[in-house]
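Peer 1: Here's a structure for you.
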Amino acid sequence: MPIPSFSASSAALERLPLAGRRGLVLGVANDHSIAWGCARTLKARGAEVLMTCLNEKARTHAQPLADSIGATLRVCDIEQPGALEAVVAEAAGADGVLDFAVHSIAWAPLADLHGRVVDSSAAGFARAVEVSCHSFAELARLCEPHLAVRGGVLVTMSYLGADEAIAHYGLMGPVKAALESMVRYMALELGGRNIRVHAVSPGPMPTRAASGLVDFDGLMARTVETAPLRRLVTLDEVGGCVAFLVGPDATGMTGQTLFVDGGAHAVR
């Protein structure tokens, strides 16, 4: 299978390793969002980026961020019919080419998230899976013809709670476990079209989504105490991992979950 090639000159690629590449980053809420860390890093390394936010309220926080890096921002509520289709089509452009898509979306009803898994409602569990997990498969289906033009990458965001039970992470643990399994199956199914699929698993970060977890400050403090690097990771470090995965140096990799957590996953 040929290694993906791009139209940018070799000099440009050396200077900006993602020059000539075009992609979509879903899930920017504010300047603490993991999606924002990814978008700004990808743009800084030369990629053309279309960012999305959930709704018009989120746009008030996300639009200045998009403007600051010269990126396009669109509202995209993936639960609304046609919304995901529209942003994928726009990101692919007139020539129908995409090089990457980053999925940084997760949600669960607070009543189910704050309770025990055994007490979770069927409806709440199903909606958490739909928004946080199955939407990645839907994104892949829509992006597939565009990514296959010259080979591309799909990246989603997970967490250590997919592998082990983390206090107060609750419902999202099984959901993230399903997401990581989906990454492996999607890698198998799409590899023949030169499309690579990964999950990135950051350590706890003070994002808007994480603020919904009970005792999240305690989780961050325990991570600082126990992780080999004795600190939390940064948005730039997560963005750098994503930029590596979608760049020219990771073309032999697929189906993996890469931890960016200061080594927390390696110790118990």
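As shown in the structure tokens, the chain order sets the letters A, B, ...; within each chain, residues go from 1, and ligands are also counted from 1 in the order they appear.
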Using only C-alpha atoms, which protein or nucleic acid residues come within 9 Å of Leu154 in chain A? Drop anything in the same chain fewer than 6 positions from it, and give the result as a PyMOL selection string.

Peer 2: chain A and resi 99-103+136+139-140+143+147+183+195-199+246

Peer 1: Run DSSP on the backbone and give me the residues of range 127-195 of chain A it puts in strand (DSSP E), as a PyMOL selection string.

Peer 2: chain A and resi 152-157+195

Peer 1: Keeping only all heavy atoms, take the residues you just selected and write them out as a short mmCIF file (atom, residue, chain, number, x, y, z; two decimals), in the first residue's frame.

Peer 2:
```
data_model
loop_
_atom_site.label_atom_id
_atom_site.label_comp_id
_atom_site.auth_asym_id
_atom_site.auth_seq_id
_atom_site.Cartn_x
_atom_site.Cartn_y
_atom_site.Cartn_z
N GLY A 152 -5.80 8.89 5.19
CA GLY A 152 -6.06 9.86 6.25
C GLY A 152 -6.17 9.21 7.61
O GLY A 152 -5.96 8.01 7.77
N VAL A 153 -6.52 10.03 8.60
CA VAL A 153 -6.49 9.61 10.00
C VAL A 153 -7.73 10.08 10.74
O VAL A 153 -8.17 11.22 10.57
CB VAL A 153 -5.23 10.17 10.71
CG1 VAL A 153 -5.11 9.60 12.12
CG2 VAL A 153 -3.97 9.88 9.91
N LEU A 154 -8.26 9.20 11.57
CA LEU A 154 -9.35 9.52 12.48
C LEU A 154 -8.82 9.37 13.90
O LEU A 154 -8.19 8.36 14.23
CB LEU A 154 -10.53 8.57 12.28
CG LEU A 154 -11.28 8.69 10.95
CD1 LEU A 154 -11.98 7.38 10.62
CD2 LEU A 154 -12.28 9.83 11.02
N VAL A 155 -9.08 10.38 14.74
CA VAL A 155 -8.61 10.35 16.13
C VAL A 155 -9.77 10.70 17.06
O VAL A 155 -10.52 11.64 16.80
CB VAL A 155 -7.46 11.35 16.37
CG1 VAL A 155 -6.98 11.27 17.82
CG2 VAL A 155 -6.31 11.08 15.41
N THR A 156 -9.91 9.94 18.15
CA THR A 156 -10.91 10.25 19.16
C THR A 156 -10.23 10.35 20.52
O THR A 156 -9.05 10.04 20.66
CB THR A 156 -12.03 9.20 19.18
OG1 THR A 156 -13.11 9.65 20.02
CG2 THR A 156 -11.53 7.85 19.69
N MET A 157 -10.97 10.80 21.52
CA MET A 157 -10.42 11.01 22.86
C MET A 157 -11.01 10.03 23.86
O MET A 157 -12.23 9.90 23.98
CB MET A 157 -10.70 12.45 23.34
CG MET A 157 -10.04 13.51 22.49
SD MET A 157 -8.23 13.41 22.57
CE MET A 157 -7.81 14.15 20.98
N ILE A 195 -6.76 4.29 5.67
CA ILE A 195 -7.28 5.18 6.70
C ILE A 195 -6.89 4.59 8.05
O ILE A 195 -7.20 3.44 8.34
CB ILE A 195 -8.81 5.32 6.60
CG1 ILE A 195 -9.20 5.94 5.25
CG2 ILE A 195 -9.34 6.18 7.75
CD1 ILE A 195 -10.68 5.93 4.98
#
```

Peer 1: Please provide the set of residues having any atom within 12 Å of Pro204 in chain A, restricted to only C-alpha atoms, with same-chain residues fewer than 4 positions apart removed, written as a ChimeraX atom specification.

Peer 2: /A:33-34,157-161,166,169,208-211,213,215-224,227,231-235,238,259-265

Peer 1: Counting only C-alpha atoms, which of A:Lys57, A:Arg193, A:Lys176, A:His168 gets nearest to Gly115 in chain A?

Peer 2: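 Among A:Lys57, A:Arg193, A:Lys176, A:His168, it is A:His168 that comes nearest to Gly115 in chain A.
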
Peer 1: Grab the CA of Val149 in chain A to CA of Ser135 in chain A distance for me, in Å with one decimal place.

Peer 2: 22.1 Å

Peer 1: Per DSSP on the backbone, what are the helix (DSSP H, G or I) residues of range 65-246 of chain A, as a ChimeraX atom specification?

Peer 2: /A:65-69,83-92,110-113,117-119,122-147,160-162,172-193,210-212,216-226,235-246

Peer 1: Give the answer as one residue: which of A:Leu54, A:Val129, A:Ala266, A:Ala29 has the shortest atom-to-atom distance to Gln80 in chain A, using only C-alpha atoms?

Peer 2: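 Checking each of A:Leu54, A:Val129, A:Ala266, A:Ala29 against Gln80 in chain A, counting only C-alpha atoms, the winner is A:Leu54.
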
Peer 1: Using only C-alpha atoms, which protein or nucleic acid residues come within 10 Å of range 61-70 of chain A? Drop anything in the same chain fewer than 6 positions from it, and give the result as a ChimeraX atom specification.

Peer 2: /A:27-31,33,36,39-41,43-44,48-54

Peer 1: Have a look at A:Gly191, A:Gly82, A:Gly170, A:Gly23 and name the one nearest to Gly255 in chain A; count only C-alpha atoms.

Peer 2: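 The shortest atom-to-atom distance to Gly255 in chain A comes from A:Gly191.
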